[in-house]
>>> print(open('structure_19.cif').read())   # mmCIF, C-alpha atoms
data_upload
loop_
_atom_site.group_PDB
_atom_site.id
_atom_site.type_symbol
_atom_site.label_atom_id
_atom_site.label_comp_id
_atom_site.auth_asym_id
_atom_site.auth_seq_id
_atom_site.Cartn_x
_atom_site.Cartn_y
_atom_site.Cartn_z
ATOM 1 C CA ALA A 1 -21.097 -13.011 -37.456
ATOM 2 C CA HIS A 2 -20.493 -15.921 -35.119
ATOM 3 C CA ALA A 3 -21.732 -19.149 -36.728
ATOM 4 C CA GLY A 4 -23.234 -21.954 -34.694
ATOM 5 C CA PRO A 5 -24.479 -21.817 -31.101
ATOM 6 C CA PRO A 6 -23.799 -18.746 -28.946
ATOM 7 C CA GLU A 7 -20.866 -18.876 -26.549
ATOM 8 C CA LEU A 8 -22.261 -17.898 -23.176
ATOM 9 C CA HIS A 9 -20.999 -15.671 -20.370
ATOM 10 C CA LEU A 10 -22.635 -15.488 -16.930
ATOM 11 C CA PRO A 11 -26.012 -13.712 -17.374
ATOM 12 C CA LEU A 12 -25.740 -11.504 -14.317
ATOM 13 C CA ASP A 13 -23.243 -9.300 -12.551
ATOM 14 C CA CYS A 14 -22.188 -11.571 -9.692
ATOM 15 C CA THR A 15 -19.562 -14.076 -8.548
ATOM 16 C CA LEU A 16 -20.742 -17.696 -8.399
ATOM 17 C CA GLY A 17 -20.343 -19.171 -4.909
ATOM 18 C CA GLN A 18 -20.074 -15.726 -3.332
ATOM 19 C CA THR A 19 -22.794 -13.324 -4.460
ATOM 20 C CA CYS A 20 -24.884 -15.833 -6.436
ATOM 21 C CA TYR A 21 -25.255 -19.545 -7.150
ATOM 22 C CA ILE A 22 -27.156 -21.834 -9.540
ATOM 23 C CA GLU A 23 -30.351 -23.132 -7.941
ATOM 24 C CA ASP A 24 -32.091 -25.105 -10.705
ATOM 25 C CA TYR A 25 -30.998 -26.485 -14.046
ATOM 26 C CA VAL A 26 -33.012 -27.533 -17.100
ATOM 27 C CA ASP A 27 -35.199 -30.572 -16.427
ATOM 28 C CA ALA A 28 -33.513 -33.406 -18.346
ATOM 29 C CA ASP A 29 -36.328 -35.881 -17.648
ATOM 30 C CA PRO A 30 -38.882 -35.818 -20.490
ATOM 31 C CA GLY A 31 -41.553 -37.497 -18.346
ATOM 32 C CA ASP A 32 -43.240 -36.597 -15.051
ATOM 33 C CA GLY A 33 -40.083 -36.783 -12.969
ATOM 34 C CA MET A 34 -37.254 -34.287 -12.799
ATOM 35 C CA SER A 35 -33.493 -34.493 -13.114
ATOM 36 C CA ASP A 36 -30.692 -32.091 -13.910
ATOM 37 C CA TYR A 37 -28.185 -32.830 -16.663
ATOM 38 C CA THR A 38 -25.925 -34.831 -14.284
ATOM 39 C CA CYS A 39 -28.874 -37.014 -13.122
ATOM 40 C CA GLY A 40 -28.923 -34.984 -9.878
ATOM 41 C CA VAL A 41 -31.929 -33.365 -8.178
ATOM 42 C CA LYS A 42 -31.259 -29.689 -8.959
ATOM 43 C CA SER A 43 -34.228 -29.064 -11.217
ATOM 44 C CA ARG A 44 -38.039 -28.948 -11.181
ATOM 45 C CA ASP A 45 -40.423 -30.912 -13.382
ATOM 46 C CA GLY A 46 -40.669 -29.140 -16.730
ATOM 47 C CA HIS A 47 -38.101 -26.450 -15.819
ATOM 48 C CA ARG A 48 -37.006 -24.809 -19.067
ATOM 49 C CA GLY A 49 -33.915 -22.873 -18.068
ATOM 50 C CA THR A 50 -31.113 -22.254 -15.578
ATOM 51 C CA ASP A 51 -31.800 -20.204 -12.427
ATOM 52 C CA PHE A 52 -29.013 -17.953 -11.136
ATOM 53 C CA VAL A 53 -29.986 -16.825 -7.613
ATOM 54 C CA LEU A 54 -28.657 -13.732 -5.838
ATOM 55 C CA GLN A 55 -27.263 -14.099 -2.315
ATOM 56 C CA SER A 56 -30.118 -12.170 -0.651
ATOM 57 C CA PHE A 57 -33.146 -9.940 -1.027
ATOM 58 C CA GLU A 58 -30.948 -7.030 0.089
ATOM 59 C CA ALA A 59 -28.670 -7.587 -2.901
ATOM 60 C CA MET A 60 -31.687 -7.328 -5.205
ATOM 61 C CA GLU A 61 -32.834 -4.136 -3.495
ATOM 62 C CA ASN A 62 -29.358 -2.648 -3.971
ATOM 63 C CA GLY A 63 -29.592 -3.485 -7.675
ATOM 64 C CA VAL A 64 -27.828 -6.243 -9.643
ATOM 65 C CA ASP A 65 -27.589 -6.100 -13.439
ATOM 66 C CA VAL A 66 -28.798 -8.891 -15.702
ATOM 67 C CA LEU A 67 -26.232 -9.157 -18.520
ATOM 68 C CA ALA A 68 -26.412 -10.286 -22.141
ATOM 69 C CA ALA A 69 -24.775 -13.724 -22.187
ATOM 70 C CA SER A 70 -23.735 -13.391 -25.830
ATOM 71 C CA PRO A 71 -23.840 -10.715 -28.558
ATOM 72 C CA GLY A 72 -26.998 -10.335 -30.632
ATOM 73 C CA ILE A 73 -30.046 -8.239 -31.461
ATOM 74 C CA VAL A 74 -32.891 -7.636 -28.996
ATOM 75 C CA ALA A 75 -35.945 -9.475 -30.359
ATOM 76 C CA ALA A 76 -38.507 -8.682 -27.636
ATOM 77 C CA THR A 77 -38.887 -7.054 -24.221
ATOM 78 C CA ARG A 78 -41.496 -6.774 -21.463
ATOM 79 C CA ASP A 79 -41.232 -4.284 -18.605
ATOM 80 C CA SER A 80 -44.751 -3.796 -17.201
ATOM 81 C CA MET A 81 -45.157 -6.473 -14.526
ATOM 82 C CA THR A 82 -45.083 -5.810 -10.789
ATOM 83 C CA ASP A 83 -42.360 -7.237 -8.543
ATOM 84 C CA ILE A 84 -44.313 -9.451 -6.150
ATOM 85 C CA ALA A 85 -43.301 -12.863 -4.845
ATOM 86 C CA VAL A 86 -45.825 -15.381 -6.171
ATOM 87 C CA THR A 87 -47.907 -17.414 -3.708
ATOM 88 C CA PRO A 88 -50.230 -20.327 -4.521
ATOM 89 C CA ASP A 89 -53.101 -17.801 -4.292
ATOM 90 C CA THR A 90 -51.614 -15.470 -6.922
ATOM 91 C CA ARG A 91 -50.259 -18.159 -9.282
ATOM 92 C CA GLU A 92 -53.154 -17.651 -11.746
ATOM 93 C CA SER A 93 -52.399 -13.925 -12.088
ATOM 94 C CA VAL A 94 -49.103 -14.615 -13.911
ATOM 95 C CA ARG A 95 -50.336 -17.455 -16.141
ATOM 96 C CA GLY A 96 -48.973 -16.944 -19.654
ATOM 97 C CA GLN A 97 -46.511 -14.367 -18.300
ATOM 98 C CA GLU A 98 -44.472 -16.630 -16.012
ATOM 99 C CA CYS A 99 -41.239 -15.115 -17.347
ATOM 100 C CA GLY A 100 -42.175 -11.708 -15.920
ATOM 101 C CA ASN A 101 -40.261 -8.680 -17.167
ATOM 102 C CA ALA A 102 -37.890 -10.062 -19.737
ATOM 103 C CA VAL A 103 -35.585 -9.629 -22.697
ATOM 104 C CA ARG A 104 -35.147 -12.035 -25.603
ATOM 105 C CA ILE A 105 -32.008 -11.785 -27.723
ATOM 106 C CA ASP A 106 -31.543 -13.203 -31.215
ATOM 107 C CA HIS A 107 -28.055 -14.588 -31.895
ATOM 108 C CA GLY A 108 -28.650 -15.657 -35.509
ATOM 109 C CA ASP A 109 -28.876 -19.149 -36.980
ATOM 110 C CA GLY A 110 -32.080 -19.842 -34.989
ATOM 111 C CA TRP A 111 -30.434 -19.313 -31.579
ATOM 112 C CA GLN A 112 -32.008 -17.099 -28.909
ATOM 113 C CA THR A 113 -31.544 -16.439 -25.192
ATOM 114 C CA LEU A 114 -34.335 -15.352 -22.841
ATOM 115 C CA TYR A 115 -33.805 -13.558 -19.493
ATOM 116 C CA CYS A 116 -36.721 -13.628 -17.016
ATOM 117 C CA HIS A 117 -37.979 -12.018 -13.765
ATOM 118 C CA MET A 118 -36.451 -8.545 -14.096
ATOM 119 C CA GLN A 119 -37.386 -5.557 -11.968
ATOM 120 C CA LYS A 120 -40.230 -3.416 -13.292
ATOM 121 C CA GLY A 121 -38.905 -0.267 -14.957
ATOM 122 C CA SER A 122 -35.343 -1.591 -15.165
ATOM 123 C CA VAL A 123 -35.251 -3.003 -18.709
ATOM 124 C CA ALA A 124 -32.519 -0.981 -20.424
ATOM 125 C CA VAL A 125 -32.777 -2.150 -24.054
ATOM 126 C CA GLN A 126 -35.343 -1.966 -26.844
ATOM 127 C CA THR A 127 -36.316 -4.270 -29.679
ATOM 128 C CA GLY A 128 -33.777 -3.900 -32.502
ATOM 129 C CA ASP A 129 -30.868 -2.859 -30.265
ATOM 130 C CA HIS A 130 -27.515 -4.535 -30.877
ATOM 131 C CA VAL A 131 -25.999 -5.820 -27.622
ATOM 132 C CA SER A 132 -22.557 -7.163 -26.788
ATOM 133 C CA ALA A 133 -21.841 -9.898 -24.238
ATOM 134 C CA GLY A 134 -21.902 -8.316 -20.778
ATOM 135 C CA ASP A 135 -24.166 -5.399 -21.698
ATOM 136 C CA PRO A 136 -26.745 -4.671 -18.950
ATOM 137 C CA LEU A 137 -30.274 -5.667 -19.996
ATOM 138 C CA GLY A 138 -32.043 -4.722 -16.746
ATOM 139 C CA ARG A 139 -31.922 -5.618 -13.044
ATOM 140 C CA VAL A 140 -32.849 -8.743 -11.123
ATOM 141 C CA GLY A 141 -36.385 -8.491 -9.744
ATOM 142 C CA LEU A 142 -39.356 -10.587 -8.618
ATOM 143 C CA SER A 143 -41.708 -10.317 -11.596
ATOM 144 C CA GLY A 144 -43.605 -13.277 -13.021
ATOM 145 C CA LEU A 145 -43.436 -16.758 -11.482
ATOM 146 C CA SER A 146 -40.736 -16.034 -8.907
ATOM 147 C CA ASN A 147 -40.360 -15.805 -5.142
ATOM 148 C CA ILE A 148 -36.597 -15.441 -4.793
ATOM 149 C CA PRO A 149 -34.365 -12.886 -6.531
ATOM 150 C CA HIS A 150 -32.945 -14.675 -9.549
ATOM 151 C CA VAL A 151 -32.562 -14.551 -13.302
ATOM 152 C CA HIS A 152 -33.931 -17.464 -15.310
ATOM 153 C CA LEU A 153 -31.916 -17.983 -18.498
ATOM 154 C CA SER A 154 -33.421 -20.039 -21.310
ATOM 155 C CA VAL A 155 -31.471 -20.980 -24.434
ATOM 156 C CA LEU A 156 -33.533 -21.739 -27.542
ATOM 157 C CA LYS A 157 -32.696 -23.174 -30.964
ATOM 158 C CA ASP A 158 -35.469 -22.773 -33.549
ATOM 159 C CA GLY A 159 -37.855 -22.253 -30.622
ATOM 160 C CA LYS A 160 -36.878 -25.485 -28.863
ATOM 161 C CA MET A 161 -35.231 -25.436 -25.440
ATOM 162 C CA VAL A 162 -31.536 -26.366 -25.225
ATOM 163 C CA ASP A 163 -29.700 -27.062 -21.961
ATOM 164 C CA PRO A 164 -26.568 -24.869 -22.125
ATOM 165 C CA PHE A 165 -24.782 -27.409 -19.899
ATOM 166 C CA ALA A 166 -25.650 -30.360 -22.163
ATOM 167 C CA PRO A 167 -26.652 -28.962 -25.555
ATOM 168 C CA ASN A 168 -26.342 -32.342 -27.271
ATOM 169 C CA ALA A 169 -28.446 -34.251 -24.740
ATOM 170 C CA THR A 170 -31.001 -36.565 -26.295
ATOM 171 C CA GLY A 171 -33.824 -36.014 -23.825
ATOM 172 C CA THR A 172 -32.521 -37.632 -20.664
ATOM 173 C CA CYS A 173 -29.774 -36.956 -18.157
ATOM 174 C CA ASP A 174 -26.256 -38.191 -18.707
ATOM 175 C CA ALA A 175 -24.119 -38.713 -15.621
ATOM 176 C CA HIS A 176 -21.072 -38.481 -17.892
ATOM 177 C CA ALA A 177 -21.960 -35.165 -19.527
ATOM 178 C CA GLY A 178 -18.348 -34.128 -19.746
ATOM 179 C CA ASP A 179 -18.213 -31.332 -22.295
ATOM 180 C CA ASP A 180 -18.307 -27.683 -21.307
ATOM 181 C CA GLY A 181 -21.625 -27.063 -22.985
ATOM 182 C CA LEU A 182 -22.078 -23.567 -24.396
ATOM 183 C CA TRP A 183 -20.220 -21.777 -21.584
ATOM 184 C CA ILE A 184 -17.000 -19.867 -22.163
ATOM 185 C CA ASP A 185 -16.143 -20.357 -18.481
ATOM 186 C CA PRO A 186 -18.291 -23.315 -17.383
ATOM 187 C CA PRO A 187 -19.882 -22.936 -13.929
ATOM 188 C CA VAL A 188 -18.865 -25.760 -11.589
ATOM 189 C CA TYR A 189 -21.685 -28.142 -10.694
ATOM 190 C CA ASP A 190 -22.274 -28.920 -7.010
ATOM 191 C CA LYS A 191 -24.795 -31.627 -6.147
ATOM 192 C CA ALA A 192 -25.518 -30.223 -2.665
ATOM 193 C CA GLY A 193 -28.393 -27.871 -1.942
ATOM 194 C CA LEU A 194 -31.519 -27.072 0.056
ATOM 195 C CA PHE A 195 -34.970 -28.405 -0.766
ATOM 196 C CA THR A 196 -36.761 -26.058 1.602
ATOM 197 C CA ALA A 197 -36.856 -24.069 4.815
ATOM 198 C CA GLY A 198 -39.944 -23.480 6.897
ATOM 199 C CA PHE A 199 -41.310 -22.292 10.215
ATOM 200 C CA SER A 200 -42.986 -24.630 12.681
ATOM 201 C CA THR A 201 -44.125 -24.223 16.284
ATOM 202 C CA SER A 202 -42.234 -27.324 17.475
ATOM 203 C CA VAL A 203 -39.405 -29.495 16.145
ATOM 204 C CA PRO A 204 -41.101 -31.429 13.322
ATOM 205 C CA SER A 205 -40.574 -35.019 12.192
ATOM 206 C CA PHE A 206 -38.599 -35.612 8.993
ATOM 207 C CA ASP A 207 -41.770 -37.058 7.400
ATOM 208 C CA ALA A 208 -43.625 -33.820 8.099
ATOM 209 C CA VAL A 209 -40.741 -31.783 6.661
ATOM 210 C CA GLN A 210 -40.663 -33.891 3.486
ATOM 211 C CA SER A 211 -44.435 -33.828 2.962
ATOM 212 C CA GLY A 212 -44.753 -30.117 3.749
ATOM 213 C CA ALA A 213 -47.069 -30.786 6.700
ATOM 214 C CA ALA A 214 -44.530 -29.206 9.083
ATOM 215 C CA ARG A 215 -44.876 -25.726 7.531
ATOM 216 C CA VAL A 216 -46.793 -23.134 9.575
ATOM 217 C CA THR A 217 -47.500 -19.645 8.214
ATOM 218 C CA ASN A 218 -49.444 -18.220 11.179
ATOM 219 C CA SER A 219 -48.762 -18.807 14.864
ATOM 220 C CA ASN A 220 -49.811 -17.481 18.247
ATOM 221 C CA ALA A 221 -47.694 -15.092 20.289
ATOM 222 C CA ASP A 222 -47.144 -17.672 23.043
ATOM 223 C CA GLU A 223 -45.949 -20.503 20.757
ATOM 224 C CA PRO A 224 -42.306 -21.343 20.043
ATOM 225 C CA LEU A 225 -40.775 -20.230 16.757
ATOM 226 C CA VAL A 226 -38.821 -23.044 15.099
ATOM 227 C CA LEU A 227 -37.033 -22.764 11.747
ATOM 228 C CA TYR A 228 -36.158 -25.974 9.912
ATOM 229 C CA ALA A 229 -34.058 -26.686 6.834
ATOM 230 C CA HIS A 230 -34.093 -29.703 4.502
ATOM 231 C CA ALA A 231 -30.727 -30.220 2.794
ATOM 232 C CA PHE A 232 -29.397 -32.772 0.316
ATOM 233 C CA HIS A 233 -25.936 -34.140 -0.537
ATOM 234 C CA ALA A 234 -24.132 -31.878 1.938
ATOM 235 C CA GLN A 235 -20.504 -32.706 2.696
ATOM 236 C CA PRO A 236 -19.006 -33.233 6.169
ATOM 237 C CA GLY A 237 -18.028 -29.836 7.533
ATOM 238 C CA ASP A 238 -20.695 -27.934 5.597
ATOM 239 C CA VAL A 239 -22.523 -25.401 7.756
ATOM 240 C CA LEU A 240 -26.147 -24.322 8.010
ATOM 241 C CA ASP A 241 -26.456 -20.671 9.003
ATOM 242 C CA VAL A 242 -29.940 -20.357 10.544
ATOM 243 C CA SER A 243 -31.477 -17.013 11.520
ATOM 244 C CA ALA A 244 -34.798 -15.281 12.007
ATOM 245 C CA ILE A 245 -35.798 -11.653 12.262
ATOM 246 C CA GLY A 246 -39.069 -10.136 13.444
ATOM 247 C CA PRO A 247 -40.645 -6.755 14.150
ATOM 248 C CA ASN A 248 -38.092 -6.106 16.946
ATOM 249 C CA GLY A 249 -35.022 -7.342 15.071
ATOM 250 C CA THR A 250 -33.107 -10.595 15.445
ATOM 251 C CA VAL A 251 -35.017 -13.476 17.059
ATOM 252 C CA PHE A 252 -32.176 -15.999 16.828
ATOM 253 C CA GLN A 253 -29.074 -16.770 14.825
ATOM 254 C CA THR A 254 -26.964 -19.910 14.991
ATOM 255 C CA THR A 255 -24.672 -22.054 12.874
ATOM 256 C CA ILE A 256 -25.009 -25.829 12.710
ATOM 257 C CA THR A 257 -22.045 -27.865 11.423
ATOM 258 C CA LEU A 258 -23.004 -31.020 9.524
ATOM 259 C CA GLU A 259 -20.549 -33.618 10.841
ATOM 260 C CA ASP A 260 -21.782 -36.728 9.054
ATOM 261 C CA PRO A 261 -24.551 -35.675 6.669
ATOM 262 C CA LYS A 262 -26.798 -38.245 5.028
ATOM 263 C CA ALA A 263 -27.969 -37.878 1.407
ATOM 264 C CA GLN A 264 -30.960 -36.011 2.879
ATOM 265 C CA LEU A 265 -31.203 -34.434 6.295
ATOM 266 C CA PHE A 266 -33.099 -31.804 8.183
ATOM 267 C CA ARG A 267 -32.085 -29.595 11.076
ATOM 268 C CA ALA A 268 -34.278 -27.347 13.219
ATOM 269 C CA TYR A 269 -33.533 -24.520 15.614
ATOM 270 C CA GLY A 270 -35.832 -22.261 17.573
ATOM 271 C CA ARG A 271 -36.799 -20.422 20.722
ATOM 272 C CA LYS A 272 -39.656 -20.548 23.163
ATOM 273 C CA ALA A 273 -41.812 -17.456 23.292
ATOM 274 C CA PRO A 274 -40.821 -14.816 25.868
ATOM 275 C CA SER A 275 -43.147 -14.549 28.866
ATOM 276 C CA THR A 276 -44.880 -11.554 27.305
ATOM 277 C CA GLY A 277 -45.265 -13.394 23.974
ATOM 278 C CA TRP A 278 -43.697 -12.617 20.609
ATOM 279 C CA PRO A 279 -44.520 -9.187 19.192
ATOM 280 C CA GLU A 280 -47.283 -9.419 16.602
ATOM 281 C CA GLY A 281 -46.256 -9.095 12.995
ATOM 282 C CA ASP A 282 -44.226 -10.688 10.229
ATOM 283 C CA TYR A 283 -41.130 -12.813 10.795
ATOM 284 C CA ARG A 284 -38.668 -14.024 8.171
ATOM 285 C CA GLY A 285 -36.344 -16.982 8.568
ATOM 286 C CA MET A 286 -33.214 -17.472 6.485
ATOM 287 C CA VAL A 287 -31.131 -20.625 6.081
ATOM 288 C CA ARG A 288 -27.858 -20.643 4.164
ATOM 289 C CA LEU A 289 -25.820 -23.728 3.275
ATOM 290 C CA LEU A 290 -22.130 -22.825 3.317
ATOM 291 C CA ARG A 291 -18.910 -24.704 2.566
ATOM 292 C CA GLY A 292 -16.175 -22.592 4.069
ATOM 293 C CA ASP A 293 -16.793 -19.169 2.502
ATOM 294 C CA GLU A 294 -18.696 -20.611 -0.449
ATOM 295 C CA LEU A 295 -22.461 -20.079 -0.676
ATOM 296 C CA ILE A 296 -24.062 -23.327 -1.888
ATOM 297 C CA ALA A 297 -27.738 -22.386 -1.449
ATOM 298 C CA TRP A 298 -30.224 -20.429 0.651
ATOM 299 C CA ARG A 299 -33.917 -20.615 1.449
ATOM 300 C CA HIS A 300 -36.283 -18.303 3.294
ATOM 301 C CA ALA A 301 -39.567 -18.759 5.112
ATOM 302 C CA ASP A 302 -42.188 -16.338 6.412
ATOM 303 C CA ILE A 303 -44.593 -16.557 9.358
ATOM 304 C CA THR A 304 -47.073 -14.101 10.858
ATOM 305 C CA VAL A 305 -47.501 -14.006 14.636
ATOM 306 C CA ILE A 306 -50.972 -13.104 15.847
ATOM 307 C CA SER A 307 -52.033 -12.599 19.457
ATOM 308 C CA ARG A 308 -54.566 -14.847 21.089
#
>>> encode(input="structure_19.cif", output="structure tokens")
Amino acid sequence: AHAGPPELHLPLDCTLGQTCYIEDYVDADPGDGMSDYTCGVKSRDGHRGTDFVLQSFEAMENGVDVLAASPGIVAATRDSMTDIAVTPDTRESVRGQECGNAVRIDHGDGWQTLYCHMQKGSVAVQTGDHVSAGDPLGRVGLSGLSNIPHVHLSVLKDGKMVDPFAPNATGTCDAHAGDDGLWIDPPVYDKAGLFTAGFSTSVPSFDAVQSGAARVTNSNADEPLVLYAHAFHAQPGDVLDVSAIGPNGTVFQTTITLEDPKAQLFRAYGRKAPSTGWPEGDYRGMVRLLRGDELIAWRHADITVISR
């Protein structure tokens, strides 16, 4: 048997920068703040794993396998939770089961990996099964505390969380974390990303975007539909692909090139309502941050149009 920490492969069947990307890393700040292992902003306070996000909801619907990152024995599974994107109103319903449908694998020597948010009915292994690296464990879903299609990978040693990118970290970020961590083929870190996307009924101020006050989830049929995106650490030449679809199909689609991006920026794009008003119903906006052909991040937003 392999002694020491597990050597990790990518935990899902995708290509980083094309069909998936890493959204959030382990929170390396032990206090109230948050920081990823490089001292960057790609984490959330108390985040206990690494989030690998698929390129779209459509990819999830087509089915993408979650893979065992390293060989071991299945220690536990759960496969009973519904695939529903969590909202603030439904947050309580997943308390204690935030991981959703999941598999935990024992790698010996106190090491375990945990794979969260799988599709209900897709878990393909049972407790006691031996798995090899790359074996399918289930499919990416939306179970537990999740609202985008992703797999959350946690690495544990004797029950304590370990950051696979900085396994020897002493409880704070290290801008010089130079080793390859536990990865056989270490994923490249990119400091750029998207904080959020949202709908508004006019072009918002940056303050309103940052505070969340700009976000509108219901609007009237005669109001404009504006989609905004809040990006960080983009590079000159990066592109925001901004689109919205509604009950009658595409509402708008445009690309915005970031010529001279600041550390944080927001961009907004929209359309006035047609003379007859927008059709009633649900609209979804999508913003993707691209560098050439590489997918850096995406965010979605939803709004419901009601008639006066």
>>> resolve_selection(input="structure_19.cif", expression="the PyMOL selection byres ((chain A and resi 259) around 6)", output="PyMOL selection string")
chain A and resi 236-237+257-258+260
>>> resolve_selection(input="structure_19.cif", expression="the PyMOL selection byres ((chain A and resi 14-28) around 8)", output="MDAnalysis selection string")
chainID A and resid 12:13 29:30 34:37 39 42:55 64 163 171:173 187 193 293:297
>>> write_last_selection(input="structure_19.cif", atoms="C-alpha atoms", output="short mmCIF file (atom, residue, chain, number, x, y, z; two decimals), in the frame of the given file")
data_model
loop_
_atom_site.label_atom_id
_atom_site.label_comp_id
_atom_site.auth_asym_id
_atom_site.auth_seq_id
_atom_site.Cartn_x
_atom_site.Cartn_y
_atom_site.Cartn_z
CA LEU A 12 -25.74 -11.50 -14.32
CA ASP A 13 -23.24 -9.30 -12.55
CA ASP A 29 -36.33 -35.88 -17.65
CA PRO A 30 -38.88 -35.82 -20.49
CA MET A 34 -37.25 -34.29 -12.80
CA SER A 35 -33.49 -34.49 -13.11
CA ASP A 36 -30.69 -32.09 -13.91
CA TYR A 37 -28.18 -32.83 -16.66
CA CYS A 39 -28.87 -37.01 -13.12
CA LYS A 42 -31.26 -29.69 -8.96
CA SER A 43 -34.23 -29.06 -11.22
CA ARG A 44 -38.04 -28.95 -11.18
CA ASP A 45 -40.42 -30.91 -13.38
CA GLY A 46 -40.67 -29.14 -16.73
CA HIS A 47 -38.10 -26.45 -15.82
CA ARG A 48 -37.01 -24.81 -19.07
CA GLY A 49 -33.92 -22.87 -18.07
CA THR A 50 -31.11 -22.25 -15.58
CA ASP A 51 -31.80 -20.20 -12.43
CA PHE A 52 -29.01 -17.95 -11.14
CA VAL A 53 -29.99 -16.82 -7.61
CA LEU A 54 -28.66 -13.73 -5.84
CA GLN A 55 -27.26 -14.10 -2.32
CA VAL A 64 -27.83 -6.24 -9.64
CA ASP A 163 -29.70 -27.06 -21.96
CA GLY A 171 -33.82 -36.01 -23.82
CA THR A 172 -32.52 -37.63 -20.66
CA CYS A 173 -29.77 -36.96 -18.16
CA PRO A 187 -19.88 -22.94 -13.93
CA GLY A 193 -28.39 -27.87 -1.94
CA ASP A 293 -16.79 -19.17 2.50
CA GLU A 294 -18.70 -20.61 -0.45
CA LEU A 295 -22.46 -20.08 -0.68
CA ILE A 296 -24.06 -23.33 -1.89
CA ALA A 297 -27.74 -22.39 -1.45
#
>>> resolve_selection(input="structure_19.cif", expression="the PyMOL selection byres ((chain A and resi 115) around 8)", output="MDAnalysis selection string")
chainID A and resid 66 99 102:104 113:114 116:118 151:154
>>> closest_residue(input="structure_19.cif", among="A:Gln97, A:Ser146, A:Thr82, A:Ser205", to="Ser122 of chain A", atoms="all atoms listed in the file")
A:Thr82
>>> atom_distance(input="structure_19.cif", atom1="atom CA of Arg291 of chain A", atom2="atom CA of Phe57 of chain A")
20.8 Å
>>> closest_residue(input="structure_19.cif", among="A:Pro149, A:Asn218, A:Val140, A:Ser275", to="His300 of chain A", atoms="all atoms listed in the file")
A:Pro149
>>> atom_distance(input="structure_19.cif", atom1="atom CA of Ala221 of chain A", atom2="atom CA of Asp89 of chain A")
25.3 Å
>>> closest_residue(input="structure_19.cif", among="A:Pro261, A:Pro274, A:Gly285, A:Gly108", to="Ala75 of chain A", atoms="all atoms listed in the file")
A:Gly108
>>> atom_distance(input="structure_19.cif", atom1="atom CA of Ile84 of chain A", atom2="atom CA of Ser143 of chain A")
6.1 Å
